[in-house]
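Listing of my_file_7.cif; format and content: mmCIF, N, CA and C atoms.
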```
data_entry
loop_
_atom_site.label_atom_id
_atom_site.label_comp_id
_atom_site.auth_asym_id
_atom_site.auth_seq_id
_atom_site.Cartn_x
_atom_site.Cartn_y
_atom_site.Cartn_z
N MET A 7 0.84 -1.19 0.00
CA MET A 7 0.00 0.00 0.00
C MET A 7 0.89 1.25 0.00
N SER A 8 0.50 2.22 -0.73
CA SER A 8 1.25 3.47 -0.80
C SER A 8 1.03 4.29 0.46
N GLU A 9 2.07 5.00 0.89
CA GLU A 9 1.95 5.84 2.08
C GLU A 9 1.08 7.06 1.82
N LEU A 10 0.72 7.30 0.58
CA LEU A 10 -0.13 8.44 0.26
C LEU A 10 -1.61 8.06 0.19
N GLU A 11 -1.91 6.79 0.36
CA GLU A 11 -3.29 6.33 0.35
C GLU A 11 -3.81 6.20 1.77
N GLU A 12 -5.12 6.10 1.91
CA GLU A 12 -5.73 5.88 3.22
C GLU A 12 -5.21 4.58 3.79
N PRO A 13 -5.02 4.41 5.04
CA PRO A 13 -5.37 5.28 6.15
C PRO A 13 -4.23 6.21 6.56
N TYR A 14 -3.20 6.33 5.74
CA TYR A 14 -2.07 7.17 6.09
C TYR A 14 -2.43 8.66 6.00
N THR A 15 -1.85 9.45 6.90
CA THR A 15 -2.08 10.89 6.90
C THR A 15 -0.75 11.61 7.08
N PHE A 16 -0.76 12.88 6.80
CA PHE A 16 0.43 13.70 6.99
C PHE A 16 0.84 13.69 8.45
N GLN A 17 2.13 13.53 8.70
CA GLN A 17 2.67 13.53 10.05
C GLN A 17 3.56 14.77 10.22
N PRO A 18 3.25 15.67 11.14
CA PRO A 18 4.06 16.88 11.32
C PRO A 18 5.44 16.60 11.90
N VAL A 19 5.60 15.47 12.57
CA VAL A 19 6.88 15.07 13.15
C VAL A 19 7.08 13.59 12.80
N LEU A 20 8.26 13.28 12.25
CA LEU A 20 8.58 11.90 11.90
C LEU A 20 9.64 11.38 12.86
N ARG A 21 9.28 10.38 13.62
CA ARG A 21 10.21 9.75 14.55
C ARG A 21 11.31 9.03 13.79
N ASP A 22 12.42 8.81 14.46
CA ASP A 22 13.49 8.03 13.88
C ASP A 22 13.00 6.59 13.79
N PRO A 23 13.05 5.97 12.60
CA PRO A 23 12.55 4.60 12.49
C PRO A 23 13.45 3.55 13.15
N LEU A 24 14.68 3.93 13.48
CA LEU A 24 15.63 2.96 14.05
C LEU A 24 15.92 3.16 15.53
N VAL A 25 15.84 4.41 16.00
CA VAL A 25 16.25 4.72 17.37
C VAL A 25 15.14 5.47 18.10
N ASP A 26 14.79 5.00 19.27
CA ASP A 26 13.78 5.67 20.09
C ASP A 26 14.39 6.91 20.74
N ALA A 27 13.80 8.07 20.50
CA ALA A 27 14.33 9.32 21.04
C ALA A 27 14.39 9.31 22.56
N HIS A 28 13.54 8.53 23.22
CA HIS A 28 13.55 8.46 24.69
C HIS A 28 14.80 7.76 25.22
N ARG A 29 15.38 6.89 24.40
CA ARG A 29 16.53 6.10 24.87
C ARG A 29 17.86 6.61 24.32
N ALA A 30 17.82 7.49 23.35
CA ALA A 30 19.04 7.96 22.70
C ALA A 30 19.82 8.91 23.61
N GLU A 31 21.13 8.91 23.46
CA GLU A 31 21.97 9.86 24.19
C GLU A 31 21.77 11.27 23.66
N ARG A 32 21.58 11.37 22.36
CA ARG A 32 21.40 12.67 21.72
C ARG A 32 20.28 12.56 20.69
N VAL A 33 19.46 13.60 20.63
CA VAL A 33 18.41 13.67 19.63
C VAL A 33 18.70 14.86 18.72
N LEU A 34 18.77 14.59 17.43
CA LEU A 34 18.96 15.64 16.45
C LEU A 34 17.61 15.95 15.83
N LEU A 35 17.21 17.19 15.92
CA LEU A 35 15.96 17.66 15.35
C LEU A 35 16.31 18.39 14.07
N VAL A 36 15.69 18.01 12.96
CA VAL A 36 16.08 18.52 11.66
C VAL A 36 14.85 18.68 10.77
N SER A 37 14.97 19.55 9.79
CA SER A 37 13.93 19.72 8.79
C SER A 37 14.59 19.72 7.42
N GLY A 38 14.08 18.95 6.50
CA GLY A 38 14.62 18.97 5.15
C GLY A 38 15.59 17.84 4.84
N LYS A 39 16.28 18.01 3.71
CA LYS A 39 17.14 16.95 3.18
C LYS A 39 18.41 16.69 4.00
N LEU A 40 18.74 17.58 4.91
CA LEU A 40 19.90 17.38 5.77
C LEU A 40 19.77 16.07 6.56
N TYR A 41 18.55 15.63 6.77
CA TYR A 41 18.28 14.37 7.46
C TYR A 41 19.12 13.23 6.87
N TYR A 42 19.18 13.14 5.56
CA TYR A 42 19.86 12.03 4.91
C TYR A 42 21.38 12.08 5.12
N ASP A 43 21.95 13.27 5.15
CA ASP A 43 23.38 13.41 5.46
C ASP A 43 23.67 12.97 6.89
N LEU A 44 22.77 13.33 7.81
CA LEU A 44 22.95 12.96 9.21
C LEU A 44 22.82 11.45 9.41
N VAL A 45 21.86 10.83 8.74
CA VAL A 45 21.70 9.38 8.83
C VAL A 45 22.96 8.67 8.33
N LYS A 46 23.49 9.13 7.21
CA LYS A 46 24.70 8.54 6.64
C LYS A 46 25.88 8.69 7.60
N GLU A 47 26.06 9.88 8.16
CA GLU A 47 27.18 10.11 9.08
C GLU A 47 27.02 9.31 10.37
N ARG A 48 25.79 9.17 10.84
CA ARG A 48 25.55 8.35 12.04
C ARG A 48 25.97 6.91 11.78
N GLU A 49 25.67 6.43 10.60
CA GLU A 49 26.04 5.06 10.23
C GLU A 49 27.56 4.92 10.10
N VAL A 50 28.20 5.88 9.46
CA VAL A 50 29.66 5.86 9.29
C VAL A 50 30.35 5.83 10.64
N ARG A 51 29.84 6.58 11.59
CA ARG A 51 30.47 6.67 12.92
C ARG A 51 30.04 5.55 13.86
N GLY A 52 29.11 4.71 13.43
CA GLY A 52 28.65 3.61 14.27
C GLY A 52 27.87 4.06 15.48
N LEU A 53 27.06 5.10 15.32
CA LEU A 53 26.29 5.67 16.43
C LEU A 53 24.81 5.30 16.36
N GLY A 54 24.50 4.20 15.72
CA GLY A 54 23.12 3.80 15.46
C GLY A 54 22.19 3.82 16.65
N GLU A 55 22.61 3.32 17.79
CA GLU A 55 21.73 3.26 18.96
C GLU A 55 21.84 4.49 19.84
N ARG A 56 22.82 5.34 19.58
CA ARG A 56 23.09 6.46 20.48
C ARG A 56 22.46 7.77 20.03
N VAL A 57 22.12 7.88 18.75
CA VAL A 57 21.61 9.14 18.20
C VAL A 57 20.30 8.89 17.47
N ALA A 58 19.27 9.62 17.89
CA ALA A 58 17.98 9.59 17.19
C ALA A 58 17.88 10.86 16.34
N ILE A 59 17.38 10.70 15.13
CA ILE A 59 17.21 11.85 14.24
C ILE A 59 15.72 12.00 13.96
N VAL A 60 15.16 13.09 14.46
CA VAL A 60 13.72 13.35 14.36
C VAL A 60 13.50 14.46 13.35
N ARG A 61 12.56 14.22 12.43
CA ARG A 61 12.29 15.20 11.37
C ARG A 61 11.06 16.03 11.72
N LEU A 62 11.25 17.32 11.69
CA LEU A 62 10.17 18.27 11.89
C LEU A 62 9.66 18.64 10.49
N GLU A 63 8.50 18.13 10.13
CA GLU A 63 7.97 18.29 8.79
C GLU A 63 7.03 19.49 8.67
N GLU A 64 6.57 20.00 9.79
CA GLU A 64 5.64 21.12 9.77
C GLU A 64 6.11 22.17 10.77
N LEU A 65 6.35 23.37 10.28
CA LEU A 65 6.80 24.46 11.15
C LEU A 65 5.64 25.32 11.63
N CYS A 66 4.60 25.42 10.83
CA CYS A 66 3.46 26.26 11.20
C CYS A 66 2.18 25.62 10.68
N PRO A 67 1.22 25.35 11.53
CA PRO A 67 1.29 25.59 12.97
C PRO A 67 2.28 24.62 13.62
N PHE A 68 2.97 25.13 14.62
CA PHE A 68 4.01 24.34 15.27
C PHE A 68 3.38 23.17 16.03
N PRO A 69 3.89 21.96 15.82
CA PRO A 69 3.30 20.76 16.45
C PRO A 69 3.77 20.53 17.89
N PHE A 70 3.38 21.43 18.78
CA PHE A 70 3.84 21.37 20.17
C PHE A 70 3.60 20.00 20.81
N GLU A 71 2.37 19.52 20.75
CA GLU A 71 2.02 18.29 21.47
C GLU A 71 2.71 17.06 20.88
N VAL A 72 2.74 16.96 19.58
CA VAL A 72 3.39 15.81 18.95
C VAL A 72 4.88 15.82 19.26
N LEU A 73 5.51 16.96 19.15
CA LEU A 73 6.94 17.06 19.44
C LEU A 73 7.22 16.78 20.91
N ARG A 74 6.35 17.23 21.79
CA ARG A 74 6.51 16.95 23.23
C ARG A 74 6.48 15.43 23.46
N GLN A 75 5.59 14.74 22.81
CA GLN A 75 5.49 13.28 22.97
C GLN A 75 6.74 12.58 22.43
N VAL A 76 7.22 13.02 21.29
CA VAL A 76 8.39 12.39 20.67
C VAL A 76 9.65 12.65 21.49
N LEU A 77 9.81 13.86 22.00
CA LEU A 77 11.02 14.24 22.72
C LEU A 77 10.91 14.06 24.23
N ASN A 78 9.84 13.50 24.70
CA ASN A 78 9.59 13.33 26.12
C ASN A 78 10.82 12.84 26.87
N ASN A 79 11.31 13.66 27.78
CA ASN A 79 12.45 13.34 28.66
C ASN A 79 13.79 13.21 27.94
N ALA A 80 13.88 13.63 26.70
CA ALA A 80 15.19 13.60 26.01
C ALA A 80 16.08 14.65 26.66
N SER A 81 17.30 14.27 27.03
CA SER A 81 18.15 15.19 27.77
C SER A 81 19.05 16.05 26.88
N ASP A 82 19.37 15.57 25.69
CA ASP A 82 20.28 16.31 24.81
C ASP A 82 19.63 16.43 23.44
N VAL A 83 18.96 17.54 23.20
CA VAL A 83 18.26 17.77 21.93
C VAL A 83 18.95 18.91 21.21
N ARG A 84 19.26 18.69 19.93
CA ARG A 84 19.97 19.69 19.14
C ARG A 84 19.26 19.93 17.82
N TRP A 85 19.16 21.20 17.44
CA TRP A 85 18.60 21.58 16.15
C TRP A 85 19.75 21.64 15.16
N VAL A 86 19.59 21.00 14.01
CA VAL A 86 20.62 20.99 12.99
C VAL A 86 20.02 21.53 11.70
N GLN A 87 20.69 22.54 11.13
CA GLN A 87 20.24 23.08 9.85
C GLN A 87 21.45 23.44 9.00
N GLU A 88 21.28 23.35 7.69
CA GLU A 88 22.39 23.69 6.80
C GLU A 88 22.38 25.16 6.41
N GLU A 89 21.29 25.86 6.62
CA GLU A 89 21.24 27.29 6.35
C GLU A 89 22.01 28.04 7.42
N ALA A 90 22.36 29.28 7.09
CA ALA A 90 23.01 30.13 8.09
C ALA A 90 22.06 30.34 9.27
N ARG A 91 22.62 30.57 10.43
CA ARG A 91 21.84 30.71 11.66
C ARG A 91 20.70 31.72 11.53
N ASN A 92 20.94 32.82 10.82
CA ASN A 92 19.93 33.87 10.68
C ASN A 92 19.00 33.66 9.49
N GLN A 93 19.11 32.53 8.78
CA GLN A 93 18.29 32.34 7.59
C GLN A 93 17.42 31.09 7.61
N GLY A 94 17.71 30.16 8.44
CA GLY A 94 16.92 28.94 8.48
C GLY A 94 15.79 29.05 9.49
N ALA A 95 15.30 27.91 9.91
CA ALA A 95 14.16 27.84 10.82
C ALA A 95 14.55 27.98 12.29
N TRP A 96 15.83 28.13 12.57
CA TRP A 96 16.32 28.17 13.95
C TRP A 96 15.54 29.11 14.85
N THR A 97 15.38 30.37 14.46
CA THR A 97 14.73 31.33 15.35
C THR A 97 13.26 30.96 15.58
N HIS A 98 12.64 30.40 14.59
CA HIS A 98 11.24 29.97 14.73
C HIS A 98 11.13 28.77 15.66
N VAL A 99 12.00 27.80 15.45
CA VAL A 99 11.93 26.55 16.21
C VAL A 99 12.43 26.73 17.65
N SER A 100 13.52 27.46 17.84
CA SER A 100 14.13 27.55 19.17
C SER A 100 13.19 28.15 20.21
N SER A 101 12.51 29.20 19.85
CA SER A 101 11.61 29.84 20.82
C SER A 101 10.42 28.94 21.15
N ARG A 102 9.98 28.16 20.20
CA ARG A 102 8.86 27.26 20.44
C ARG A 102 9.29 26.00 21.17
N ALA A 103 10.45 25.47 20.81
CA ALA A 103 10.95 24.27 21.49
C ALA A 103 11.23 24.55 22.96
N ALA A 104 11.61 25.78 23.27
CA ALA A 104 11.88 26.15 24.66
C ALA A 104 10.65 25.94 25.55
N GLN A 105 9.49 25.99 24.95
CA GLN A 105 8.25 25.81 25.71
C GLN A 105 7.99 24.35 26.08
N ILE A 106 8.67 23.42 25.41
CA ILE A 106 8.40 22.01 25.69
C ILE A 106 9.62 21.23 26.18
N LEU A 107 10.81 21.83 26.12
CA LEU A 107 12.02 21.14 26.56
C LEU A 107 12.44 21.62 27.94
N GLU A 108 13.07 20.73 28.69
CA GLU A 108 13.57 21.11 30.01
C GLU A 108 14.88 21.88 29.91
N LYS A 109 15.67 21.61 28.87
CA LYS A 109 16.94 22.29 28.65
C LYS A 109 16.84 23.07 27.35
N PRO A 110 17.66 24.11 27.19
CA PRO A 110 17.65 24.87 25.93
C PRO A 110 18.04 24.00 24.74
N LEU A 111 17.43 24.28 23.62
CA LEU A 111 17.76 23.61 22.38
C LEU A 111 19.12 24.11 21.91
N VAL A 112 20.02 23.20 21.57
CA VAL A 112 21.37 23.54 21.12
C VAL A 112 21.35 23.66 19.60
N TYR A 113 22.06 24.66 19.07
CA TYR A 113 22.12 24.91 17.62
C TYR A 113 23.37 24.33 16.99
N HIS A 114 23.20 23.65 15.86
CA HIS A 114 24.32 23.21 15.02
C HIS A 114 24.00 23.61 13.60
N GLY A 115 24.83 24.46 13.05
CA GLY A 115 24.63 24.90 11.67
C GLY A 115 25.68 25.93 11.31
N ARG A 116 25.47 26.54 10.17
CA ARG A 116 26.41 27.58 9.74
C ARG A 116 26.22 28.83 10.59
N ARG A 117 27.29 29.60 10.69
CA ARG A 117 27.22 30.86 11.44
C ARG A 117 26.33 31.85 10.68
N GLU A 118 25.98 32.94 11.33
CA GLU A 118 25.17 33.96 10.66
C GLU A 118 25.92 34.48 9.44
N ASP A 119 25.18 34.78 8.39
CA ASP A 119 25.80 35.22 7.15
C ASP A 119 24.79 36.03 6.34
N ALA A 120 25.31 36.91 5.49
CA ALA A 120 24.46 37.74 4.65
C ALA A 120 24.00 37.00 3.40
N VAL A 121 24.68 35.92 3.06
CA VAL A 121 24.32 35.17 1.86
C VAL A 121 23.83 33.78 2.25
N PRO A 122 22.91 33.21 1.47
CA PRO A 122 22.37 31.90 1.82
C PRO A 122 23.33 30.73 1.59
N ALA A 123 24.31 30.91 0.71
CA ALA A 123 25.29 29.86 0.44
C ALA A 123 26.62 30.51 0.08
N PRO A 124 27.73 29.82 0.32
CA PRO A 124 29.04 30.44 0.08
C PRO A 124 29.34 30.69 -1.39
N GLY A 125 28.71 29.97 -2.31
CA GLY A 125 28.95 30.21 -3.73
C GLY A 125 30.16 29.50 -4.28
N VAL A 126 30.90 28.81 -3.46
CA VAL A 126 32.07 28.05 -3.88
C VAL A 126 31.86 26.61 -3.40
N GLY A 127 31.87 25.68 -4.34
CA GLY A 127 31.56 24.29 -4.01
C GLY A 127 32.43 23.71 -2.92
N LYS A 128 33.72 23.96 -2.98
CA LYS A 128 34.64 23.41 -1.97
C LYS A 128 34.31 23.96 -0.58
N LEU A 129 34.06 25.25 -0.50
CA LEU A 129 33.72 25.87 0.78
C LEU A 129 32.38 25.34 1.30
N TYR A 130 31.41 25.17 0.40
CA TYR A 130 30.11 24.62 0.81
C TYR A 130 30.29 23.23 1.41
N ARG A 131 31.06 22.37 0.75
CA ARG A 131 31.27 21.01 1.25
C ARG A 131 31.97 21.02 2.61
N GLU A 132 32.94 21.89 2.78
CA GLU A 132 33.64 21.99 4.07
C GLU A 132 32.66 22.42 5.17
N GLN A 133 31.82 23.40 4.86
CA GLN A 133 30.84 23.87 5.85
C GLN A 133 29.81 22.78 6.14
N GLN A 134 29.41 22.05 5.11
CA GLN A 134 28.43 20.98 5.30
C GLN A 134 29.01 19.88 6.19
N GLU A 135 30.26 19.53 5.98
CA GLU A 135 30.91 18.53 6.83
C GLU A 135 31.01 19.02 8.27
N MET A 136 31.25 20.32 8.46
CA MET A 136 31.32 20.89 9.80
C MET A 136 29.95 20.81 10.49
N VAL A 137 28.90 21.09 9.75
CA VAL A 137 27.55 21.05 10.32
C VAL A 137 27.19 19.63 10.71
N VAL A 138 27.33 18.70 9.80
CA VAL A 138 26.94 17.31 10.04
C VAL A 138 27.85 16.69 11.11
N GLY A 139 29.14 16.87 10.97
CA GLY A 139 30.06 16.31 11.95
C GLY A 139 29.90 16.92 13.32
N GLY A 140 29.71 18.22 13.37
CA GLY A 140 29.55 18.91 14.65
C GLY A 140 28.34 18.43 15.44
N ALA A 141 27.31 18.07 14.73
CA ALA A 141 26.09 17.58 15.41
C ALA A 141 26.32 16.25 16.11
N LEU A 142 27.33 15.49 15.64
CA LEU A 142 27.60 14.17 16.21
C LEU A 142 28.87 14.13 17.05
N ASP A 143 29.62 15.19 17.05
CA ASP A 143 30.87 15.23 17.82
C ASP A 143 30.58 15.04 19.31
N GLY A 144 31.53 14.45 20.00
CA GLY A 144 31.41 14.27 21.44
C GLY A 144 30.75 12.99 21.86
N LEU A 145 30.40 12.16 20.90
CA LEU A 145 29.78 10.87 21.24
C LEU A 145 30.73 9.72 20.96
#
```
Would you encode the structure as structure tokens?
Amino acid sequence: MSELEEPYTFQPVLRDPLVDAHRAERVLLVSGKLYYDLVKEREVRGLGERVAIVRLEELCPFPFEVLRQVLNNASDVRWVQEEARNQGAWTHVSSRAAQILEKPLVYHGRREDAVPAPGVGKLYREQQEMVVGGALDGL
């Protein structure tokens, strides 16, 4: 059966299919295609049971209750985005996540910048590796 047919419905938050966020050492909260880079890096580093990657599929209206259920009692939750800090969903998500988390949401992404991308492929790849790697460092 296709996931687009009944009885399936849109899910504003997608749990990690492999790791329960309640048991993970670290939960990465992400929106967009960066999810796939994080899954690949988690596998490369052998962190399968230690890191849960939760996808936030709907930013507005913000899914407070669903996210609260998914992140219930998670001690280390980090927002990861590939956009610059001042251009992605960070400011929208951080203020809302603060209402449901016991600890502040930690940011992993590019620093603030006036441009959405560096414009040089090599520099973009280096920054992307820093974002993805930084989210998993320390484990």
Quick one: everything within 6.5 Å of Gly140 in chain A, counting only N, CA and C atoms, minus sequence neighbours fewer than 4 positions away in the same chain. Send it as a PyMOL selection string.
-> chain A and resi 114+135-136
Name all residues at most 5 Å from range 14-18 of chain A (count all atoms listed in the file; drop same-chain ones fewer than 4 positions away) and give them as number ranges by chain.
-> A: 62-64
Could you please take those selected residues and save N, CA and C atoms as a short mmCIF file (atom, residue, chain, number, x, y, z; two decimals), in the coordinates of the input?
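Wrote it out as selection_26.cif, contents follow:
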```
data_model
loop_
_atom_site.label_atom_id
_atom_site.label_comp_id
_atom_site.auth_asym_id
_atom_site.auth_seq_id
_atom_site.Cartn_x
_atom_site.Cartn_y
_atom_site.Cartn_z
N LEU A 62 11.25 17.32 11.69
CA LEU A 62 10.17 18.27 11.89
C LEU A 62 9.66 18.64 10.49
N GLU A 63 8.50 18.13 10.13
CA GLU A 63 7.97 18.29 8.79
C GLU A 63 7.03 19.49 8.67
N GLU A 64 6.57 20.00 9.79
CA GLU A 64 5.64 21.12 9.77
C GLU A 64 6.11 22.17 10.77
#
```
Nearest-residue call for Val112 in chain A, choices A:Ser100, A:Arg91, A:Trp85, A:Gln133, using only N, CA and C atoms = A:Trp85
Mind checking DSSP for chain A and telling me the strand (DSSP E) residues as an MDAnalysis selection string?
-> chainID A and resid 19:20 32:36 57:62 83:90 112:116
Give the alpha helix (DSSP H) residues of chain A, as assigned by DSSP on the backbone, as a PyMOL selection string.
-> chain A and resi 40-51+70-77+96-103+127-142
Could you check which of A:Ala120, A:Leu129, A:Leu107, A:Val33 is closest to Arg56 in chain A, using only N, CA and C atoms?
-> A:Val33
Residues returned when the PyMOL selection byres ((chain A and resi 106) around 8) runs on this file, as a VMD selection string | chain A and resid 70 73 to 74 77 to 79 101 to 105 107 to 109
Written as an MDAnalysis selection string, what is the full residue list that the PyMOL selection byres ((chain A and resi 55) around 8) yields on the file shown?
-> chainID A and resid 24:26 29:32 48 52:54 56:58
Just need the box for range 61-78 of chain A, edges along x, y and z, holding every atom the file lists for it with 5 Å tacked onto each side, so centre and edge lengths in Å to one decimal, as JSON.
```
{"center_x": 6.9, "center_y": 19.3, "center_z": 17.8, "size_x": 21.3, "size_y": 23.9, "size_z": 28.2}
```
Quick one: distance from atom C of Gln134 in chain A to atom N of Tyr42 in chain A in Å, one decimal?
-> 11.9 Å
Record the distance separating CA of Leu145 in chain A and CA of Arg51 in chain A, expressed in Å with one decimal.
->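 For CA of Leu145 in chain A relative to CA of Arg51 in chain A, the distance reads 9.3 Å.
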Please evaluate the PyMOL selection byres (((chain A and resi 38 and name CA) around 9) and name CA) against the structure above and give the resulting residues as JSON, numbers by chain.
-> {"A": [36, 37, 39, 40, 41, 42, 61, 62, 63, 87]}
